[in-house]
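Engineer: Okay, here's the structure, questions in a sec.
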Protein chains: 2
Amino acid sequence: MAVTLRDVAQHAGVSPRTVSNVVNGFPHISPAMRAKVEAALSELNYKPNLLARSLRQGRTGIITLLVPEIAVSYFGELAHEVVERASERGCTVMIDETGGQPDRERALLDGAAESSWVDGVLLSSQGLHGRDLAGLAPNMPVVLLGERTASTTLDHVGIDNVKAAREVVRHLIDSGCRRIAAIGGSVGASDATSHLRLKGYRQELRAAGLPADGLYARTPDYTRASGAAAVRSLLGREDRPDGLFCFSDELAAGALRELYEQGLSVPSDVSVVGFDDVAEARFATPSLTSIRPDKAKIATVALDMLFQRMQGSEAKPRDVRIGYELIVRESSTLSPRPARSLARPMQRGAARRP
Amino acid sequence: MAVTLRDVAQHAGVSPRTVSNVVNGFPHISPAMRAKVEAALSELNYKPNLLARSLRQGRTGIITLLVPEIAVSYFGELAHEVVERASERGCTVMIDETGGQPDRERALLDGAAESSWVDGVLLSSQGLHGRDLAGLAPNMPVVLLGERTASTTLDHVGIDNVKAAREVVRHLIDSGCRRIAAIGGSVGASDATSHLRLKGYRQELRAAGLPADGLYARTPDYTRASGAAAVRSLLGREDRPDGLFCFSDELAAGALRELYEQGLSVPSDVSVVGFDDVAEARFATPSLTSIRPDKAKIATVALDMLFQRMQGSEAKPRDVRIGYELIVRESSTLSPRPARSLARPMQRGAARRP
DNA sequence: CTGTTAGCGCCTTCAC
DNA sequence: GTGAAGGCGCTAACAG
C-alpha cells in the first residue's frame, strides 16, 4: 500500500503533525527536525494523498471546462490555452463536452456543482439562457465563456460579437460586395452567439442601405458540411451573393470547398470571411479572412475571475469584453496573389503516367 | 453546508448504513424502509460526497488522457471519442498536454500515478521509449496509444504504421509518382511514430526499386507551418519530387498551401497524401488523400484494456492493432474533377467594384 | 434485513 | 515548536 503520513512520522520518530508541517511548508520548525523529517520523507518516497487532503480542506484544485465539442478547432485551441494557464497556477482541468445541447449543459453543470470534484467551472455555453442558469449551481463558482445570454447572475468573458460582425460586414462592403449572405447557427433555438453575429450583420447592412432579406442561411451546427450545404442553398437563388459571412472558420472552410466545386472563384466571384481564426484559416486555399479573438486573454481573464470567485468573492458579476482583430487574407481581397496559383489551367499530368 | 448521509439518516429515523445501502442500490431492503429513505433523500436533496466515497473505496472513476496537444485535430478527435466512450461507462476524463516532450510525459505520468486522482492513464506518447516507461508508475494502470516504442511492459493499442505507410507509398506509385518524398517528425529524437512511417516508406520504395535518398524532409513538429517549410526545402532541389507522403494531415495542409503558392498543381504536378484523416482533409482544396485510423475503435479498445487493468488484471501486456483505411481523394488522383474548379483562370472580378 | 463501529489519510484546533 | 485528539463524509466489517 501507499506510504502515509503516519508511516513517515513513525520512521522519523516524530508526530504526524510535524510531518504535515514540513510537507506543507509551515514556517516555524527547527532545522534539525526539518532535516530529520525530510530524510524520512524521501527515504520512504512519501506522496500525500490528495483525496484525503481535499476531503479535509474542501478544495481539490480541479476546475472543469465545459465546451460543446473538443474536436472543434476553436474549442480545442481555447482548451489548450485554459489547460496551460491553469497548470501555471497549479490547477488541473477536467474537460467535458456538452454537444451544445441545453439539457446536457445543464446536466453537466449540475453534475459538476454536486460532484465535489471541482472547485469551479468554465462554461462555454451555447444554448442556456440566463434564466436557465440562474438557479443552477448556486454554490459553485462559474464563469461563462463566449456569450452571456442575458444573465446577470454570472461572470462572463467574451468578445463583442455584434461589433465584430459589423466589422466583418463593413470589410466585405469595402471590398466591393453588395449582396452579402450570412451562414451559421446551431440546433439550439437560442444560440446566442449566432444571434448576436446575425444582429451585427443586419445592423451594418442596414446602415449601408444594403439588402439582407433571404440572405441568411441558418445551419444546424458549425461544421464544414453545414457550410457547404448552406452555400448550395444560397447559390440556388437567381440573385446569388457576392460575399459570405460565415459564423465559424469551419463553416467557411465548407463554403470555400463548395464554391470551388461549383466553379466559383474566391474572392473574385465571391468573398468569404470566417470567424475564430483557427490554425486552418491561415493555410486554407485561398487563405481565409477571419475574426481572431484573443484566446489567450480569454483564458487568462476567465481564470482570474474564476479564482476570485473560488476565493469567495461576492462582488457583482462582471461582463468583460476581450479584444479581437480582423485578419484580412486572400479570401476577401483582390490584392497580389502568388504567381500562377489557382489561375493556371490544371494540367492532367499524363506524361507522368507509366 | 452540504447535507450528509447522517443528516438524511437522522431525518428518516434510520441508520447511516441503511441510507448508504439505498443510495448504492444494495438489493436487500424492505420496500417500506426504502420508500422512507428515498423520501428523506429527495426532501433534503442529498448528493453524495464523491471525494469521501473515493477516499473510502480507493477508486475515483476518473481517468487521465495524456496527449501532445489537444488543439491538434487528431488528438482533439481522439479525445472526443475517449470522453464519449468513457462517459458511457460512468467515467470522467481528465486531459493533460505533454507537448510531446519526454520529460513532460514522464512528469505528468508520474504525477498521475501519485496524484491519487486517477484510476488509470491513457498515454499518447511521442517521445518516451519502453525503457523510459518501464520504471514509471508501477502501480498505475496505463495503456499506450499510438506507438508502442518497444515496451513490453505496457498494453498498447494503435495501427500498424509501417503497413499503412507502405500502402500510402504503393498508392502514390500506382498513381504514377516516381520521386516520392516523406515529410514529418518531431523534436523528440525518438519520435517512434514518424520513425515507423519512415520505415514503411523506405521499405515500399525499395521494393519498387525507387530512390529515397535525400527525399525525407524532417520536421520539428506536425504543424502546417512545418509542412510548408518542408515543401520549400524539397522544391529547392533540382530534381523535385512528384509525390509527397506527409506524416499528418496538418503537415499535408501546409504542403498543399505551399505548393499552391509555388504555382504547382496538385495532383497533376505533385500528388499529396496525409495521415489521420481529420475533418479538414475531406474539405481541403484539393481534398486530401489520407490514412483514416479507426479512432472510435482505438478509444473503445483502449478503454477496455484500461478497465481490465483497473480491475486488477495481471495478464501479459497486449499489443492490439486497430484497423485503418486509405481514403483516396483528389490530392492524389487524376480522376474526374469538378466542372471548372481550380482549372479555370482566375477572374479578377473588377466589374463588381464600386 | 438493519444498527453500531471503525477507519480511509489528512489537516487543524487545542493543549503543552 | 511539537504532541495528542477529532473529524471531513462515506462505506465495509461485524453484530444482532
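In the C-alpha cells, each chain is lettered A, B, ... as it comes, each chain's residues begin at 1, and ligands are numbered from 1 in order of appearance.
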Residues at most 12 Å from D:DC14, counting only C-alpha atoms (C1' of nucleotides), excluding those fewer than 6 positions away in the same chain, as a list of chain:residue names?
Structural biologist: C:DG3, C:DT4, C:DT5, C:DA6
Engineer: Starting from chain D, keep only residues with some atom at most 12 Å from an atom of chain A, counting only C-alpha atoms (C1' of nucleotides), and report them as a VMD selection string.
Structural biologist: chain D and resid 1 to 5 7 to 10
Engineer: Which residues, written as an mmCIF file with C-alpha atoms, in the first residue's frame, have at least one atom at most 7 Å from stretch 65-78 of chain A, with only C-alpha atoms (C1' of nucleotides) counted and residues fewer than 6 positions away on the same chain left out?
Structural biologist:
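Ended up saving to out31.cif:
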data_model
loop_
_atom_site.group_PDB
_atom_site.id
_atom_site.type_symbol
_atom_site.label_atom_id
_atom_site.label_comp_id
_atom_site.auth_asym_id
_atom_site.auth_seq_id
_atom_site.Cartn_x
_atom_site.Cartn_y
_atom_site.Cartn_z
ATOM 1 C CA VAL A 93 -8.524 20.950 -15.858
ATOM 2 C CA MET A 94 -11.257 18.472 -16.461
ATOM 3 C CA ILE A 95 -12.905 18.723 -19.872
ATOM 4 C CA ASP A 96 -16.425 17.685 -20.682
ATOM 5 C CA GLU A 97 -18.456 18.012 -23.844
ATOM 6 C CA THR A 98 -21.959 19.382 -23.903
ATOM 7 C CA GLY A 99 -22.643 18.918 -27.580
ATOM 8 C CA GLY A 100 -24.128 22.390 -27.360
ATOM 9 C CA VAL A 121 -16.471 25.726 -13.781
ATOM 10 C CA LEU A 122 -15.766 27.476 -17.054
ATOM 11 C CA LEU A 123 -18.821 27.071 -19.237
ATOM 12 C CA SER A 124 -18.734 27.755 -22.925
ATOM 13 C CA ASP A 276 -12.368 32.402 -34.815
ATOM 14 C CA VAL A 278 -8.277 28.780 -36.151
ATOM 15 C CA LYS A 295 -7.926 33.338 -26.960
ATOM 16 C CA ILE B 70 -5.301 18.960 -27.626
ATOM 17 C CA ALA B 71 -5.561 21.682 -30.274
ATOM 18 C CA SER B 73 -7.093 17.953 -34.719
ATOM 19 C CA GLY B 76 -8.930 16.556 -30.446
ATOM 20 C CA GLU B 77 -10.886 13.962 -32.362
ATOM 21 C CA HIS B 80 -13.661 13.376 -28.244
#
Engineer: Show me, as a PyMOL selection string, the residues of chain C whose atoms get within 9 Å of chain B, using only C-alpha atoms (C1' of nucleotides) for the distance check.
Structural biologist: chain C and resi 1-4+7-9
Engineer: For the atom pair atom CA of A:Leu136 and atom CA of B:Val83, what is the interatomic distance in Å to one decimal place?
Structural biologist: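 Value for the atom CA of A:Leu136-atom CA of B:Val83 distance: 23.6 Å.
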